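Undergrad: Contents are compact mmCIF, C-alpha atoms; file name structure-v1.txt:
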# COMPACT_ATOMS: atom_id res chain seq x y z
CA MET Q 1 94.14 81.04 78.92
CA ALA Q 2 91.30 83.21 80.19
CA LEU Q 3 93.72 86.07 80.80
CA GLN Q 4 95.10 85.83 77.30
CA ALA Q 5 91.56 86.22 75.99
CA LYS Q 6 90.86 89.15 78.31
CA TYR Q 7 93.97 91.01 77.17
CA LYS Q 8 93.93 89.83 73.56
CA GLU Q 9 93.48 93.40 72.30
CA LEU Q 10 96.59 94.42 74.19
CA THR Q 11 98.82 91.57 73.03
CA ASP Q 12 97.53 91.85 69.46
CA ALA Q 13 98.33 95.57 69.48
CA ALA Q 14 101.81 94.82 70.82
CA ALA Q 15 102.45 92.35 68.03
CA ALA Q 16 101.00 94.67 65.38
CA SER Q 17 102.94 97.74 66.47
CA GLY Q 18 106.33 96.11 66.08
CA VAL Q 19 107.21 95.21 69.67
CA SER Q 20 110.24 92.96 69.34
CA ASN Q 21 111.11 89.98 71.55
CA LEU Q 22 107.46 89.96 72.50
CA GLN Q 23 106.68 87.34 75.11
CA VAL Q 24 103.22 86.73 76.49
CA ARG Q 25 103.14 84.21 79.30
CA GLU Q 26 100.46 83.27 81.74
CA GLN Q 27 101.63 81.93 85.07
CA ASP Q 28 99.78 81.54 88.37
CA GLY Q 29 96.96 83.87 87.41
CA VAL Q 30 99.15 86.65 86.10
CA LEU Q 31 99.77 87.54 82.46
CA TYR Q 32 103.36 88.64 81.84
CA ILE Q 33 103.88 90.78 78.76
CA ASP Q 34 107.51 91.50 77.94
CA GLY Q 35 109.04 93.13 74.91
CA ILE Q 36 110.85 96.06 73.41
CA ALA Q 37 108.75 98.79 71.83
CA PRO Q 38 110.23 100.64 68.82
CA ASN Q 39 109.47 103.99 70.50
CA GLY Q 40 107.79 105.67 73.45
CA LYS Q 41 104.57 106.26 71.51
CA VAL Q 42 103.99 102.54 71.11
CA LYS Q 43 104.64 102.01 74.81
CA ASP Q 44 102.13 104.74 75.72
CA GLN Q 45 99.58 103.30 73.33
CA LEU Q 46 99.93 99.86 74.95
CA TRP Q 47 99.52 101.30 78.43
CA ASN Q 48 96.38 103.11 77.26
CA ILE Q 49 94.91 99.86 75.97
CA TYR Q 50 95.82 98.15 79.24
CA ASP Q 51 94.09 100.97 81.14
CA LYS Q 52 90.99 100.50 79.00
CA LEU Q 53 90.83 96.72 79.56
CA ASP Q 54 91.60 96.95 83.27
CA PRO Q 55 90.60 100.43 84.47
CA ASN Q 56 93.37 101.92 86.65
CA PHE Q 57 95.30 98.65 86.54
CA LEU Q 58 93.68 97.56 89.78
CA THR Q 59 93.07 93.87 89.08
CA GLY Q 60 96.74 93.03 89.33
CA ASP Q 61 96.56 90.24 86.76
CA VAL Q 62 99.07 91.78 84.35
CA VAL Q 63 102.74 92.66 84.69
CA MET Q 64 103.68 94.57 81.55
CA ASN Q 65 107.37 95.19 81.14
CA VAL Q 66 107.71 96.90 77.77
CA LYS Q 67 110.92 98.82 77.30
CA VAL Q 68 111.72 101.37 74.64
CA SER Q 69 114.46 100.53 72.16
CA ASP Q 70 115.54 104.05 71.18
CA ALA Q 71 117.13 104.79 74.56
CA VAL Q 72 120.67 103.99 73.45
CA PRO Q 73 123.93 105.38 74.87
CA GLY Q 74 124.90 108.67 73.27
CA SER Q 75 121.31 109.66 72.60
CA LYS Q 76 119.61 112.67 74.12
CA ALA Q 77 116.78 112.51 76.59
CA THR Q 78 114.43 115.09 78.02
CA VAL Q 79 113.84 115.36 81.75
CA THR Q 80 110.14 114.63 82.08
CA THR Q 81 109.47 115.13 85.74
CA GLU Q 82 106.10 116.45 86.85
CA LYS Q 83 107.58 119.91 87.48
CA SER Q 84 110.52 119.48 89.84
CA ASN Q 85 114.20 119.03 89.12
CA LEU Q 86 115.60 115.55 88.59
CA ASN Q 87 118.16 114.36 91.10
CA ILE Q 88 121.47 113.16 89.74
CA ARG Q 89 123.03 110.69 92.13
CA LYS Q 90 126.45 109.24 92.75
CA GLY Q 91 125.22 105.68 92.27
CA PRO Q 92 122.14 103.85 91.07
CA GLY Q 93 119.74 104.10 94.04
CA THR Q 94 117.78 106.64 96.03
CA ASP Q 95 120.07 105.86 98.97
CA GLN Q 96 122.95 107.37 97.01
CA PRO Q 97 124.04 110.97 97.61
CA ILE Q 98 122.79 113.62 95.22
CA VAL Q 99 125.61 115.05 93.11
CA GLY Q 100 123.61 117.35 90.87
CA LYS Q 101 120.25 118.27 89.43
CA ALA Q 102 118.77 118.40 85.97
CA ALA Q 103 116.00 120.91 85.41
CA HIS Q 104 112.49 120.01 84.33
CA HIS Q 105 112.48 119.68 80.53
CA GLU Q 106 116.25 119.96 80.33
CA ILE Q 107 117.90 117.84 77.63
CA VAL Q 108 120.62 115.51 78.87
CA THR Q 109 122.87 112.91 77.26
CA LEU Q 110 122.43 109.24 78.03
CA VAL Q 111 125.89 107.87 78.85
CA SER Q 112 124.97 104.28 79.68
CA LYS Q 113 122.20 102.17 81.12
CA THR Q 114 122.98 100.57 84.45
CA ASN Q 115 119.67 98.78 84.40
CA ASP Q 116 116.12 99.53 83.32
CA GLN Q 117 115.63 101.83 86.31
CA TRP Q 118 118.88 103.80 86.49
CA TRP Q 119 120.68 105.52 83.65
CA LEU Q 120 124.01 107.26 83.81
CA ILE Q 121 123.48 110.71 82.31
CA ARG Q 122 125.46 113.86 81.63
CA THR Q 123 124.01 117.36 81.68
CA ASN Q 124 125.11 120.20 79.42
CA ASN Q 125 127.01 121.64 82.42
CA GLY Q 126 129.07 118.47 82.51
CA GLU Q 127 127.45 117.05 85.64
CA GLU Q 128 127.45 113.29 85.44
CA GLY Q 129 125.60 110.78 87.55
CA TYR Q 130 122.69 108.41 87.86
CA ALA Q 131 119.10 109.41 87.29
CA TYR Q 132 115.86 107.50 87.57
CA ALA Q 133 115.04 106.38 84.01
CA GLN Q 134 111.33 106.90 84.39
CA TYR Q 135 111.81 110.64 84.34
CA LEU Q 136 113.87 110.55 81.17
CA THR Q 137 112.18 110.45 77.80
CA PRO Q 138 114.48 109.59 74.90
CA GLU Q 139 114.38 112.03 72.00
CA GLY Q 140 112.20 110.96 69.15
CA SER Q 141 109.79 109.13 71.40
CA MET I 1 96.57 57.90 21.10
CA ASP I 2 96.06 60.95 18.93
CA GLU I 3 96.07 61.35 15.16
CA TRP I 4 99.71 62.33 15.08
CA SER I 5 100.75 59.11 16.85
CA TRP I 6 98.85 57.01 14.33
CA TYR I 7 100.54 58.88 11.54
CA LYS I 8 103.94 58.22 13.08
CA LEU I 9 103.08 54.58 13.54
CA CYS I 10 102.18 54.15 9.85
CA TYR I 11 105.32 55.98 8.91
CA PHE I 12 107.35 53.64 11.08
CA PHE I 13 105.70 50.60 9.62
CA SER I 14 106.40 51.65 6.03
CA LEU I 15 109.98 52.37 6.99
CA CYS I 16 110.27 48.88 8.41
CA LEU I 17 108.83 47.43 5.25
CA LEU I 18 111.31 49.33 3.14
CA PHE I 19 114.21 48.41 5.38
CA GLN I 20 113.19 44.77 5.27
CA CYS I 21 113.15 44.84 1.46
CA ARG I 22 116.68 46.23 1.49
CA ILE I 23 117.85 43.41 3.71
CA SER I 24 116.21 40.87 1.44
CA VAL I 25 117.94 42.36 -1.57
CA LEU I 26 121.26 42.41 0.23
CA LEU I 27 120.93 38.82 1.33
CA ASN I 28 119.72 37.85 -2.13
CA GLN I 29 116.63 36.36 -0.63
CA THR I 30 113.47 36.01 -2.52
CA LEU I 31 110.51 36.23 -0.32
CA ASN I 32 106.89 36.10 -1.07
CA MET I 33 104.50 38.80 0.01
CA LYS I 34 103.42 36.91 3.13
CA GLN I 35 106.99 36.44 4.39
CA GLN I 36 107.79 40.08 3.62
CA ILE I 37 104.93 41.34 5.72
CA ALA I 38 105.77 38.93 8.55
CA ARG I 39 109.35 40.17 8.67
CA SER I 40 108.25 43.77 8.57
CA LEU I 41 105.98 43.11 11.46
CA LEU I 42 108.85 41.54 13.39
CA LEU I 43 111.02 44.57 12.71
CA PHE I 44 108.20 46.86 13.65
CA ALA I 45 107.72 44.98 16.89
CA ALA I 46 111.44 45.30 17.65
CA VAL I 47 111.40 49.02 16.94
CA ALA I 48 108.22 49.44 18.95
CA PHE I 49 109.82 47.60 21.87
CA MET I 50 112.87 49.81 21.70
CA SER I 51 110.87 53.00 21.50
CA GLY I 52 108.79 51.65 24.36
CA SER I 53 111.82 51.39 26.58
CA ILE I 54 112.77 54.90 25.49
CA THR I 55 109.33 56.12 26.58
CA GLY I 56 110.02 54.33 29.89
CA CYS I 57 113.13 56.43 30.36
CA LYS I 58 111.12 59.45 29.33
CA SER I 59 108.63 59.01 32.22
CA LYS I 60 111.54 58.98 34.69
CA VAL I 61 112.79 62.25 33.26
CA LYS I 62 109.29 63.56 33.69
CA ASP I 63 109.29 62.66 37.41
CA ALA I 64 112.51 64.60 37.80
CA ASP I 65 110.92 67.56 36.03
CA ILE I 66 107.91 67.39 38.33
CA LYS I 67 110.24 67.27 41.31
CA THR I 68 112.07 70.38 40.11
CA ALA I 69 108.79 72.20 39.50
CA ALA I 70 107.42 71.13 42.89
CA GLU I 71 110.60 72.29 44.63
CA ALA I 72 110.33 75.62 42.85
CA ALA I 73 106.69 75.91 43.95
CA LEU I 74 107.67 75.22 47.57
CA ALA I 75 110.56 77.68 47.43
CA THR I 76 108.12 80.57 47.01
CA ASN I 77 106.97 80.26 50.63
CA PRO I 78 109.54 80.54 53.44
CA ASP I 79 107.22 78.46 55.66
CA PHE I 80 108.00 75.45 53.45
CA LYS I 81 111.74 75.68 54.03
CA GLY I 82 111.98 72.32 55.78
CA ILE I 83 110.06 70.35 53.14
CA SER I 84 111.57 67.97 50.60
CA VAL I 85 109.79 66.39 47.62
CA ASP I 86 110.12 63.01 45.98
CA VAL I 87 108.22 62.09 42.82
CA LYS I 88 107.56 58.61 41.56
CA ASP I 89 105.22 57.92 38.66
CA GLY I 90 103.60 61.30 39.16
CA VAL I 91 102.93 60.71 42.87
CA ALA I 92 104.65 63.40 44.90
CA THR I 93 105.68 62.59 48.45
CA ILE I 94 106.40 65.60 50.62
CA SER I 95 108.14 65.27 53.94
CA GLY I 96 109.77 67.51 56.52
CA GLU I 97 108.64 69.78 59.31
CA VAL I 98 106.63 73.02 59.30
CA LYS I 99 105.52 75.36 62.06
CA ASP I 100 101.77 74.79 61.87
CA ALA I 101 98.91 72.80 60.37
CA SER I 102 97.99 75.50 57.89
CA ALA I 103 101.49 75.39 56.39
CA GLN I 104 101.21 71.60 56.28
CA ALA I 105 97.98 71.81 54.26
CA ALA I 106 99.21 74.69 52.11
CA ALA I 107 102.31 72.71 51.11
CA GLN I 108 100.11 69.90 49.85
CA THR I 109 97.90 72.29 47.88
CA SER I 110 100.96 73.94 46.42
CA VAL I 111 102.50 70.66 45.24
CA ALA I 112 99.17 69.26 44.01
CA ALA I 113 98.90 72.27 41.69
CA VAL I 114 102.19 71.40 39.97
CA LYS I 115 101.68 70.13 36.43
CA GLY I 116 102.06 66.37 36.16
CA VAL I 117 101.37 65.62 39.83
CA LYS I 118 98.71 62.92 40.06
CA SER I 119 98.46 62.86 43.83
CA VAL I 120 100.34 64.02 46.89
CA GLN I 121 101.41 61.86 49.79
CA ASN I 122 101.67 64.35 52.65
CA ASN I 123 104.25 63.17 55.20
CA VAL I 124 104.92 66.68 56.48
CA THR I 125 104.81 66.97 60.26
CA VAL I 126 103.99 69.96 62.42
CA ALA I 127 106.70 71.12 64.81
CA PRO I 128 105.69 71.18 68.49
CA PRO I 129 105.23 74.76 69.77
CA PRO I 130 108.35 76.17 71.41
CA THR I 131 108.11 75.89 75.16
CA ALA I 132 108.12 79.36 76.69
CA ALA I 133 110.83 80.06 79.21
CA PRO I 134 109.43 80.48 82.71
CA VAL I 135 108.90 84.04 83.87
CA THR I 136 111.85 85.45 85.80
CA ILE I 137 110.79 87.03 89.05
CA THR I 138 113.18 89.42 90.80
CA PRO I 139 114.21 88.14 94.27
CA ASP I 140 112.74 90.09 97.19
CA ASP I 141 115.89 92.00 98.20
CA PRO I 142 116.65 93.74 94.90
CA LEU I 143 112.92 94.01 94.30
CA ALA I 144 112.40 95.85 97.62
CA LYS I 145 115.23 98.22 96.75
CA GLY I 146 113.69 98.89 93.36
CA VAL I 147 110.29 99.48 94.94
CA LYS I 148 111.82 101.93 97.41
CA ASP I 149 113.37 103.91 94.53
CA ALA I 150 110.16 103.79 92.51
CA THR I 151 107.89 104.94 95.34
CA LYS I 152 110.21 107.67 96.66
CA ASP I 153 108.30 110.40 94.84
CA PHE I 154 104.90 109.06 95.91
CA PRO I 155 104.80 109.58 99.69
CA SER I 156 101.05 108.99 99.82
CA VAL I 157 101.49 105.25 99.25
CA THR I 158 103.15 102.44 101.15
CA ALA I 159 104.60 99.44 99.43
CA THR I 160 105.58 96.08 100.80
CA VAL I 161 107.33 93.23 99.06
CA ASN I 162 106.63 89.64 99.92
CA ASP I 163 107.57 86.62 97.84
CA GLY I 164 107.79 88.67 94.66
CA VAL I 165 104.43 90.35 95.20
CA ILE I 166 104.42 94.13 95.56
CA ALA I 167 101.47 95.27 97.64
CA ILE I 168 100.56 98.94 97.27
CA SER I 169 98.25 100.75 99.62
CA GLY I 170 97.32 104.37 100.13
CA GLU I 171 95.96 106.91 97.74
CA LEU I 172 97.16 108.20 94.37
CA LYS I 173 95.85 110.18 91.43
CA ALA I 174 95.26 108.07 88.30
CA PRO I 175 98.17 109.52 86.23
CA ASP I 176 100.59 109.09 89.14
CA TRP I 177 99.48 105.51 89.70
CA LYS I 178 99.96 104.79 86.00
CA ARG I 179 103.50 106.12 86.25
CA LEU I 180 104.22 104.13 89.38
CA LYS I 181 102.69 100.95 87.97
CA MET I 182 104.89 101.32 84.85
CA SER I 183 108.02 101.43 86.95
CA LEU I 184 106.86 98.65 89.29
CA ASP I 185 106.13 96.33 86.35
CA GLY I 186 109.63 97.11 85.03
CA LEU I 187 111.10 95.65 88.23
CA LYS I 188 109.86 92.18 87.19
CA PRO I 189 107.68 91.42 90.19
CA LYS I 190 105.49 88.35 90.44
CA LYS I 191 102.45 90.54 90.81
CA VAL I 192 101.47 94.10 91.68
CA ASP I 193 98.66 93.94 94.20
CA ALA I 194 96.83 97.26 94.24
CA SER I 195 93.79 96.06 96.16
CA GLY I 196 94.70 98.42 99.01
CA LEU I 197 95.04 101.42 96.73
CA LYS I 198 92.46 104.14 96.35
CA ILE I 199 92.47 106.22 93.18
CA SER I 200 91.73 109.83 94.07
CA LYS I 201 90.24 112.42 91.81
Translate this structure into structure tokens?

TA:
Amino acid sequence: MALQAKYKELTDAAAASGVSNLQVREQDGVLYIDGIAPNGKVKDQLWNIYDKLDPNFLTGDVVMNVKVSDAVPGSKATVTTEKSNLNIRKGPGTDQPIVGKAAHHEIVTLVSKTNDQWWLIRTNNGEEGYAYAQYLTPEGS
Amino acid sequence: MDEWSWYKLCYFFSLCLLFQCRISVLLNQTLNMKQQIARSLLLFAAVAFMSGSITGCKSKVKDADIKTAAEAALATNPDFKGISVDVKDGVATISGEVKDASAQAAAQTSVAAVKGVKSVQNNVTVAPPPTAAPVTITPDDPLAKGVKDATKDFPSVTATVNDGVIAISGELKAPDWKRLKMSLDGLKPKKVDASGLKISK
């Protein structure tokens, strides 16, 4: 219960900002926060609150798995790498061969979601393959 | 009893008297004043008894009205969906199940405010909180694969996976660590242990 009190601001903000399927569970000294944020802004806001309550996330007493709901097949996403190109791979995994590249800030189409980490995307040049979801920001987020 | 009731009573009594006289005339009876009044009283008593039983019926109708009003009052709050009301002699009994104690108390207040309710017997129970499903932790093999993918672009750190716990060591800039931590948490680990990590400027 102590963890729930420590991160109350975070879980309250999640509930108030419309995170659906919100689950807050404390188990073996770790607080698990799961849910689906309506957009990327809400997710960012939650991570900022988490950073404030536990500077640099170093305590390791929270696992926050908040996804963003607007990443649906058919939607567009921007490649948000630091500055490099994004690898497009044959299959979902870094062990898979690279079949193409999407440029930094290029807009691609989300074909389907294999899992939360790997999305099947298509570039404007027609290249299709798997990209690491973290570097893709859905439009409107 | 108010003024109007007394007026009605007198009216009734005179009616009885009149009616009694009619009967006497019809039956060709000659009665003295004393007998006449006695008969009128008897008639009055009979009428009073009858109207009394009517009033009895009336109070039952009233209970039904209270019940309807109480149900309408409860219908205004979706929290009271599982509550039913029963009214007997103005005493409302509410029963059913609600999600919390505040709804339980609010239901009573709501019904008590209904016109005609003398008291409320609160038999509403509070539902036990839903038991949360245990946290799903990704098994080590897929977790290790996910960690490998997630850390690929961060060569300055090493990650190990043991019994669902991801241990991160090395050095990272704060924004990069935030990014990495976001993807690690998305892998559903048991814990992300960053005690071996140094945040560089």

Undergrad: Quick one: residues within 12 Å of Ile121 (chain Q), only C-alpha atoms, excluding same-chain residues fewer than 5 positions away - as a PyMOL selection string?

TA: chain Q and resi 71-79+86-92+99-102+106-114+126-133+135-136+138

Undergrad: If you take all atoms listed in the file and a cut-off of 10 Å, which residues of chain I touch chain Q, and what are their nearest atom pairs and distances in Å to one decimal, in chain and number order, as a tab-separated table?

TA:
residue	atom	partner	partner_atom	distance
I:Ala132	CA	Q:Arg25	CA	7.4
I:Ala133	CA	Q:Arg25	CA	8.7
I:Pro134	CA	Q:Arg25	CA	8.1
I:Val135	CA	Q:Arg25	CA	7.4
I:Thr136	CA	Q:Tyr32	CA	9.9
I:Lys145	CA	Q:Gly93	CA	7.9
I:Gly146	CA	Q:Gln117	CA	7.9
I:Lys148	CA	Q:Thr94	CA	7.7
I:Asp149	CA	Q:Thr94	CA	5.4
I:Ala150	CA	Q:Tyr132	CA	8.4
I:Lys152	CA	Q:Thr94	CA	7.7
I:Ile166	CA	Q:Gly60	CA	10.0
I:Ala167	CA	Q:Gly60	CA	9.8
I:Lys173	CA	Q:Asn56	CA	9.9
I:Ala174	CA	Q:Asn56	CA	6.6
I:Pro175	CA	Q:Asn56	CA	9.0
I:Asp176	CA	Q:Glu82	CA	9.5
I:Trp177	CA	Q:Asn56	CA	7.7
I:Lys178	CA	Q:Asn56	CA	7.2
I:Arg179	CA	Q:Gln134	CA	8.1
I:Leu180	CA	Q:Gln134	CA	9.1
I:Lys181	CA	Q:Phe57	CA	7.9
I:Met182	CA	Q:Asn65	CA	7.6
I:Ser183	CA	Q:Gln134	CA	6.9
I:Leu184	CA	Q:Val63	CA	8.6
I:Asp185	CA	Q:Val63	CA	5.3
I:Gly186	CA	Q:Asn65	CA	4.9
I:Leu187	CA	Q:Gln117	CA	7.9
I:Lys188	CA	Q:Asn65	CA	7.2
I:Pro189	CA	Q:Val63	CA	7.5
I:Lys190	CA	Q:Val63	CA	7.7
I:Lys191	CA	Q:Gly60	CA	6.4
I:Val192	CA	Q:Gly60	CA	5.4
I:Asp193	CA	Q:Gly60	CA	5.3
I:Ala194	CA	Q:Leu58	CA	5.5
I:Ser195	CA	Q:Leu58	CA	6.6
I:Gly196	CA	Q:Leu58	CA	9.3
I:Leu197	CA	Q:Leu58	CA	8.1
I:Lys198	CA	Q:Leu58	CA	9.4
I:Ile199	CA	Q:Asn56	CA	7.9

Undergrad: Measure the distance from CA of Ser20 (chain Q) to CA of Val165 (chain I) in Å and round it to one decimal.

TA: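 Between CA of Ser20 (chain Q) and CA of Val165 (chain I) the gap works out to 26.6 Å.
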
Undergrad: Please, what distance in Å, to one decimal, runs between CA of Leu22 (chain Q) and CA of Leu143 (chain I)?

TA: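 Between CA of Leu22 (chain Q) and CA of Leu143 (chain I) the gap is 22.8 Å.
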
Undergrad: What is the CA of Asn122 (chain I)-CA of Asp89 (chain I) distance in Å, reported with one decimal?

TA: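 These two atoms are separated by 15.8 Å.
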
Undergrad: Determine, counting only C-alpha atoms, which protein, DNA and RNA residues have an atom within 12 Å of an atom of region 101-104 of chain I; residues of the same chain fewer than 6 positions away are not included. Present the result as a ChimeraX atom specification.

TA: /I:74,77-83,94-95,110-111,121-129

Undergrad: Since fewer atoms than expected are present, regenerate N, CA and C atoms for region 92-108 of chain Q and write them as an mmCIF file, keeping the file's coordinate frame.

TA:
data_model
loop_
_atom_site.group_PDB
_atom_site.id
_atom_site.type_symbol
_atom_site.label_atom_id
_atom_site.label_comp_id
_atom_site.auth_asym_id
_atom_site.auth_seq_id
_atom_site.Cartn_x
_atom_site.Cartn_y
_atom_site.Cartn_z
ATOM 1 N N PRO Q 92 123.506 104.192 91.433
ATOM 2 C CA PRO Q 92 122.140 103.850 91.070
ATOM 3 C C PRO Q 92 121.297 103.445 92.294
ATOM 4 N N GLY Q 93 120.599 104.390 92.892
ATOM 5 C CA GLY Q 93 119.740 104.100 94.040
ATOM 6 C C GLY Q 93 119.393 105.371 94.760
ATOM 7 N N THR Q 94 118.183 105.405 95.345
ATOM 8 C CA THR Q 94 117.780 106.640 96.030
ATOM 9 C C THR Q 94 118.531 106.813 97.352
ATOM 10 N N ASP Q 95 119.254 105.747 97.754
ATOM 11 C CA ASP Q 95 120.070 105.860 98.970
ATOM 12 C C ASP Q 95 121.429 106.511 98.668
ATOM 13 N N GLN Q 96 121.677 106.773 97.418
ATOM 14 C CA GLN Q 96 122.950 107.370 97.010
ATOM 15 C C GLN Q 96 122.905 108.896 97.133
ATOM 16 N N PRO Q 97 124.046 109.511 97.486
ATOM 17 C CA PRO Q 97 124.040 110.970 97.610
ATOM 18 C C PRO Q 97 123.776 111.674 96.285
ATOM 19 N N ILE Q 98 123.119 112.830 96.406
ATOM 20 C CA ILE Q 98 122.790 113.620 95.220
ATOM 21 C C ILE Q 98 124.019 114.445 94.820
ATOM 22 N N VAL Q 99 124.420 114.316 93.571
ATOM 23 C CA VAL Q 99 125.610 115.050 93.110
ATOM 24 C C VAL Q 99 125.250 116.200 92.163
ATOM 25 N N GLY Q 100 123.999 116.270 91.764
ATOM 26 C CA GLY Q 100 123.610 117.350 90.870
ATOM 27 C C GLY Q 100 122.125 117.288 90.583
ATOM 28 N N LYS Q 101 121.673 118.244 89.798
ATOM 29 C CA LYS Q 101 120.250 118.270 89.430
ATOM 30 C C LYS Q 101 120.107 118.623 87.963
ATOM 31 N N ALA Q 102 119.100 118.034 87.341
ATOM 32 C CA ALA Q 102 118.770 118.400 85.970
ATOM 33 C C ALA Q 102 117.392 119.040 86.024
ATOM 34 N N ALA Q 103 117.266 120.174 85.349
ATOM 35 C CA ALA Q 103 116.000 120.910 85.410
ATOM 36 C C ALA Q 103 114.889 120.199 84.656
ATOM 37 N N HIS Q 104 113.670 120.515 85.029
ATOM 38 C CA HIS Q 104 112.490 120.010 84.330
ATOM 39 C C HIS Q 104 112.557 120.435 82.862
ATOM 40 N N HIS Q 105 112.408 119.483 81.984
ATOM 41 C CA HIS Q 105 112.480 119.680 80.530
ATOM 42 C C HIS Q 105 113.873 119.966 79.987
ATOM 43 N N GLU Q 106 114.883 119.810 80.827
ATOM 44 C CA GLU Q 106 116.250 119.960 80.330
ATOM 45 C C GLU Q 106 116.599 118.738 79.460
ATOM 46 N N ILE Q 107 117.487 118.968 78.477
ATOM 47 C CA ILE Q 107 117.900 117.840 77.630
ATOM 48 C C ILE Q 107 119.272 117.363 78.084
ATOM 49 N N VAL Q 108 119.359 116.076 78.382
ATOM 50 C CA VAL Q 108 120.620 115.510 78.870
ATOM 51 C C VAL Q 108 121.080 114.400 77.920
#
